[in-house]
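Engineer: One structure coming up, written as structure tokens, with questions to follow.
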2 protein chains.
Amino acid sequence: MGAAAESSLANVPVFRHACGLCSLQGWCWPPGLQNGDLCRVHAIIRNIGPLPAGTHLFRVDDPFTALYAVRNGCIKSYTLDLQGHEHVRDFHLPGELLGFDAVYPERHHFNALVLKAASLCVIPYRDIAGLSRQIPGLQTRILALMSRDFARQQKCVEGLDATQQFAIFVFDVEARLQRENDVEYEFDLPMSHESIANYLRFSPETISRVISRLQQAGVIQVDREHVRILDVARLGQIADADQKNKSAGD
Amino acid sequence: MGAAAESSLANVPVFRHACGLCSLQGWCWPPGLQNGDLCRVHAIIRNIGPLPAGTHLFRVDDPFTALYAVRNGCIKSYTLDLQGHEHVRDFHLPGELLGFDAVYPERHHFNALVLKAASLCVIPYRDIAGLSRQIPGLQTRILALMSRDFARQQKCVEGLDATQQFAIFVFDVEARLQRENDVEYEFDLPMSHESIANYLRFSPETISRVISRLQQAGVIQVDREHVRILDVARLGQIADADQKNKSAGD
DNA sequence: CGTTAGTTTGACGGCACTCAAAAGTTGTGG
DNA sequence: CCACAACTTTTGAGTGCCGTCAAACTAACG
């Protein structure tokens with residue numbers, strides 16, 4: 001993942017608009033691959049975008065054809081229940097993959113909507129699956145990515161109160177956006193309060209109240225979508241609340 | 001246990017204590033495989049048990065070595081949070097697999113405890129991964145199983161009230177236990193109320209209240225672990241209630 | 001027969017939801 | 001540039017579900 005690795009790859013024409021020059025190179029597909037193999041991987045990857053906000057990448061029950069890697073922007077994956085309520089499954093930020101859920105039974109289980117104009121790499125599934133039978137290590141890598149995606153969804157935050165969940169959410173997004181933000185603890189939330197509410201399973205009003213309270217307490221500062229964490233330590237305490245209550249406090 | 005398909009396989013010695021005689025044959029590993037390939041799969045599978053209730057199959061951070069298929073009994077996968085509260089991730093019933101979460105980074109993310117004496121097939125991961133590079137279709141099958149396991153965890157029931165979630169849970173377990181129960185809508189819950197509570201993220205008291213209410217209403221009948229669904233239609237209404245459907249009309 | 005663990009039932013309180021309305025923001029057209 | 005509409009966010013009041021605490025009860029085990 002050093003400059004040396006990238007410059008050596010830059011010589012290969014096919015990389016120009018693919019992973020070789022992509023900021024995600026080494027993240028999506030690790031440097032463990034041989035140069036020739038990397039070429040073969042890149043050869044099947046298509047580049048699309050920027051897609052404007054409001055575009056649907058795919059919808060529920062669409063046939064599964066590819067995995068997507070977000071280069072920039074933000075994608076929201078969600079479903080609608082029978083009452084029409086939106087359930088946000090995840091937000092996909094630059095450097096992240098989506099689509100693994102649909103490997104079986106080859107249909108998408110959720111909708112993918114562009115929240116913020118996004119460019120993506122499209123990785124045709126049949127092609128990459130075929131390649132993985134030929135390139136040692138690629139199969140393991142795919143399984144690993146899938147398993148990691150799996151594990152992300154497992155994160156247990158249910159049962160915690162709204163303030164705590166929001167604090168965890170803010171830290172999570174902040175960390176995931178660090179790749180494209182120079183100032184630490186300061187970033188733009190690419191999604192609306194309503195989407196956050198649907199993600200954390202609270203009402204928009206509750207999210208609003210939480211933000212108000214944290215702002216009054218001087219923990220964070222919010223101006224429209226722009227967020228600044230003023231008191232990192234305090235927000236950290238709130239996010240980790242359950243741990244300290246038992247062991248340290250009493 | 002006796003069936004035509006099984007007797008034909010019984011001629012092959014290697015199947016004696018492996019998938020060939022297993023009631024799950026064709027479920028874990030589909031019949032799409034050639035006989036020779038099936039032999040190779042069976043050759044790497046070990047059979048253990050019965051393990052008594054209270055045995056840990058593995059614990060958090062144990063190195064990942066194998067997938068497990070439940071032949072009979074019941075396994076509970078769970079984690080303990082920092083306050084020592086148990087979070088049940090899933091119950092694994094006969095015919096189901098566990099272990100996929102640990103593919104990356106090759107450590108188990110949860111504990112697996114035997115709730116009801118269980119026999120299992122142990123599928124060493126390195127071996128099956130190696131085989132999948134040689135046997136066409138096996139890799140796809142593994143990905144499909146993993147993705148399906150993935151999708152199971154995605155089931156959105158959060159936000160629904162305790163009664164509705166419990167109704168859904170009862171139907172789910174009933175359907176999954178049908179393989180080993182002759183009487184429809186009548187089965188033994190292999191887990192305690194406390195475990196159910198930790199799975200559905202409610203308190204044991206709430207589960208108890210829900211059961212009492214459903215019993216008084218004549219919807220189900222519970223005697224210790226034995227459950228009988230008396231009014232399937234009514235319980236179905238409760239499970240599918242699109243929220244506002246209270247006891248209306250009848 | 002006594003102990004222990006799991007279950008049931010009641011009382012009380014808190015957090016988040018709903019309903020409702022006001023305030024702020026964005027986009028469009030005059 | 002302003003005015004208006006449509007939308008999002010904020011704030012308030014009231015309600016309900018579930019968690020906690022506590023005690024009575026039941027089954028299992030020695």
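Just remember, in the structure tokens the first chain shown is A, the second B, etc., residues are 1-based per chain, and ligands are 1-based in the order shown.
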Please tabulate, as CSV, the residues of chain D that come within 12 Å of chain A, each with its closest pair of atoms and the distance in Å to one decimal, counting only C-alpha atoms (C1' of nucleotides) and ordering rows by chain, then residue number upward.
Structural biologist:
```
residue,atom,partner,partner_atom,distance
D:DC7,C1',A:Ser192,CA,11.9
D:DT8,C1',A:His193,CA,8.6
D:DT9,C1',A:Ser208,CA,7.2
D:DT10,C1',A:Ser208,CA,7.0
D:DT11,C1',A:Arg209,CA,8.5
D:DG12,C1',A:Glu205,CA,11.4
D:DC18,C1',A:Gly159,CA,11.1
D:DG19,C1',A:Gly159,CA,10.6
```
Engineer: With a cut-off of 8 Å and counting only C-alpha atoms, select all residues of chain A in contact with chain B and give the selection as a ChimeraX atom specification.
Structural biologist: /A:82-83,100-105,133,143-145,147-148,150-151,153-154,158-159,201,242-243,246
Engineer: For chain A, which residues have at least one atom within 8 Å of chain C, if we go by only C-alpha atoms (C1' of nucleotides)? Write them as an mmCIF file with all heavy atoms, in the first residue's frame, please.
Structural biologist:
```
data_model
loop_
_atom_site.group_PDB
_atom_site.id
_atom_site.type_symbol
_atom_site.label_atom_id
_atom_site.label_comp_id
_atom_site.auth_asym_id
_atom_site.auth_seq_id
_atom_site.Cartn_x
_atom_site.Cartn_y
_atom_site.Cartn_z
ATOM 1 N N ASP A 161 -29.757 3.057 24.628
ATOM 2 C CA ASP A 161 -30.656 4.191 24.436
ATOM 3 C C ASP A 161 -30.206 5.029 23.238
ATOM 4 O O ASP A 161 -29.126 4.863 22.686
ATOM 5 C CB ASP A 161 -30.784 5.021 25.719
ATOM 6 C CG ASP A 161 -29.507 5.755 26.072
ATOM 7 O OD1 ASP A 161 -28.799 6.182 25.147
ATOM 8 O OD2 ASP A 161 -29.234 5.891 27.258
ATOM 9 N N PHE A 202 -35.135 4.582 15.362
ATOM 10 C CA PHE A 202 -35.809 5.538 16.232
ATOM 11 C C PHE A 202 -36.631 6.470 15.357
ATOM 12 O O PHE A 202 -36.549 6.422 14.132
ATOM 13 C CB PHE A 202 -34.789 6.355 17.047
ATOM 14 C CG PHE A 202 -34.091 5.552 18.095
ATOM 15 C CD1 PHE A 202 -32.760 5.194 17.956
ATOM 16 C CD2 PHE A 202 -34.760 5.155 19.238
ATOM 17 C CE1 PHE A 202 -32.117 4.435 18.922
ATOM 18 C CE2 PHE A 202 -34.124 4.402 20.209
ATOM 19 C CZ PHE A 202 -32.799 4.041 20.056
ATOM 20 N N SER A 203 -37.420 7.309 15.972
ATOM 21 C CA SER A 203 -38.172 8.279 15.189
ATOM 22 C C SER A 203 -37.270 9.485 14.916
ATOM 23 O O SER A 203 -36.336 9.749 15.673
ATOM 24 C CB SER A 203 -39.418 8.720 15.954
ATOM 25 O OG SER A 203 -39.051 9.429 17.107
ATOM 26 N N THR A 206 -36.809 11.741 17.856
ATOM 27 C CA THR A 206 -35.860 11.291 18.885
ATOM 28 C C THR A 206 -34.434 11.667 18.500
ATOM 29 O O THR A 206 -33.659 12.138 19.334
ATOM 30 C CB THR A 206 -35.978 9.771 19.101
ATOM 31 O OG1 THR A 206 -37.275 9.484 19.602
ATOM 32 C CG2 THR A 206 -34.930 9.266 20.068
#
```
Engineer: Taking 6 positions as the minimum chain separation for residues in the same chain, which residues sit within 12 Å of Leu51 of chain A when counting only C-alpha atoms (C1' of nucleotides)? Answer as a list in words.
Structural biologist: Leu57, Val70, Arg71, Asn72, Gly73, Cys74, Ile75, Leu113, Val114, Leu115, Lys116, Ala117, Ala118, Ser119, Leu120 and Cys121 of chain A
Engineer: Next, the residues of the selection above should be written as a compact mmCIF listing (two decimals), in the first residue's frame with N, CA and C atoms.
Structural biologist:
```txt
# COMPACT_ATOMS: atom_id res chain seq x y z
N LEU A 57 -29.40 2.21 -7.57
CA LEU A 57 -28.39 1.30 -8.11
C LEU A 57 -29.06 -0.02 -8.47
N VAL A 70 -17.83 1.36 -3.61
CA VAL A 70 -18.07 2.81 -3.63
C VAL A 70 -16.73 3.54 -3.70
N ARG A 71 -16.58 4.37 -4.71
CA ARG A 71 -15.35 5.16 -4.83
C ARG A 71 -15.52 6.49 -4.11
N ASN A 72 -16.65 7.13 -4.35
CA ASN A 72 -16.98 8.32 -3.58
C ASN A 72 -18.49 8.50 -3.58
N GLY A 73 -18.96 9.36 -2.68
CA GLY A 73 -20.39 9.54 -2.51
C GLY A 73 -20.93 8.67 -1.39
N CYS A 74 -22.21 8.41 -1.43
CA CYS A 74 -22.82 7.60 -0.37
C CYS A 74 -24.04 6.87 -0.90
N ILE A 75 -24.12 5.59 -0.59
CA ILE A 75 -25.25 4.75 -0.98
C ILE A 75 -25.99 4.31 0.28
N LEU A 113 -29.90 3.08 -2.92
CA LEU A 113 -30.19 4.43 -3.40
C LEU A 113 -28.99 5.34 -3.20
N VAL A 114 -28.68 6.12 -4.21
CA VAL A 114 -27.59 7.08 -4.08
C VAL A 114 -28.06 8.28 -3.26
N LEU A 115 -27.39 8.52 -2.13
CA LEU A 115 -27.76 9.66 -1.28
C LEU A 115 -26.95 10.89 -1.66
N LYS A 116 -25.73 10.61 -2.09
CA LYS A 116 -24.81 11.69 -2.44
C LYS A 116 -24.10 11.23 -3.70
N ALA A 117 -24.05 12.08 -4.71
CA ALA A 117 -23.51 11.68 -6.02
C ALA A 117 -22.33 10.73 -5.87
N ALA A 118 -22.40 9.59 -6.56
CA ALA A 118 -21.43 8.53 -6.29
C ALA A 118 -20.85 7.92 -7.56
N SER A 119 -19.56 7.61 -7.51
CA SER A 119 -18.91 6.81 -8.54
C SER A 119 -18.61 5.44 -7.94
N LEU A 120 -18.76 4.42 -8.76
CA LEU A 120 -18.58 3.07 -8.24
C LEU A 120 -17.81 2.18 -9.19
N CYS A 121 -17.20 1.14 -8.63
CA CYS A 121 -16.67 0.05 -9.44
C CYS A 121 -17.70 -1.06 -9.44
```
Engineer: Atom CA of Glu174 of chain B and atom CA of Gly54 of chain B are how many Å apart?
Structural biologist: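 Between these atoms lies a distance of 23.3 Å.
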Engineer: From a DSSP calculation on the backbone, collect every residue of segment 1-246 of chain B in strand (DSSP E) and output the set as a ChimeraX atom specification.
Structural biologist: /B:46-51,56-58,66-80,86-92,97-98,111-124,186-188,220-223,226-229
Engineer: Atom CA of Gln237 of chain B to atom CA of Ile168 of chain B: how many Å, to one decimal?
Structural biologist: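 Taking atom CA of Gln237 of chain B as the start and atom CA of Ile168 of chain B as the end point, the length is 10.1 Å.
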Engineer: Distance atom CA of Leu214 of chain B-atom CA of Asp182 of chain B, one decimal place?
Structural biologist: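 These atoms are spaced 23.8 Å apart.
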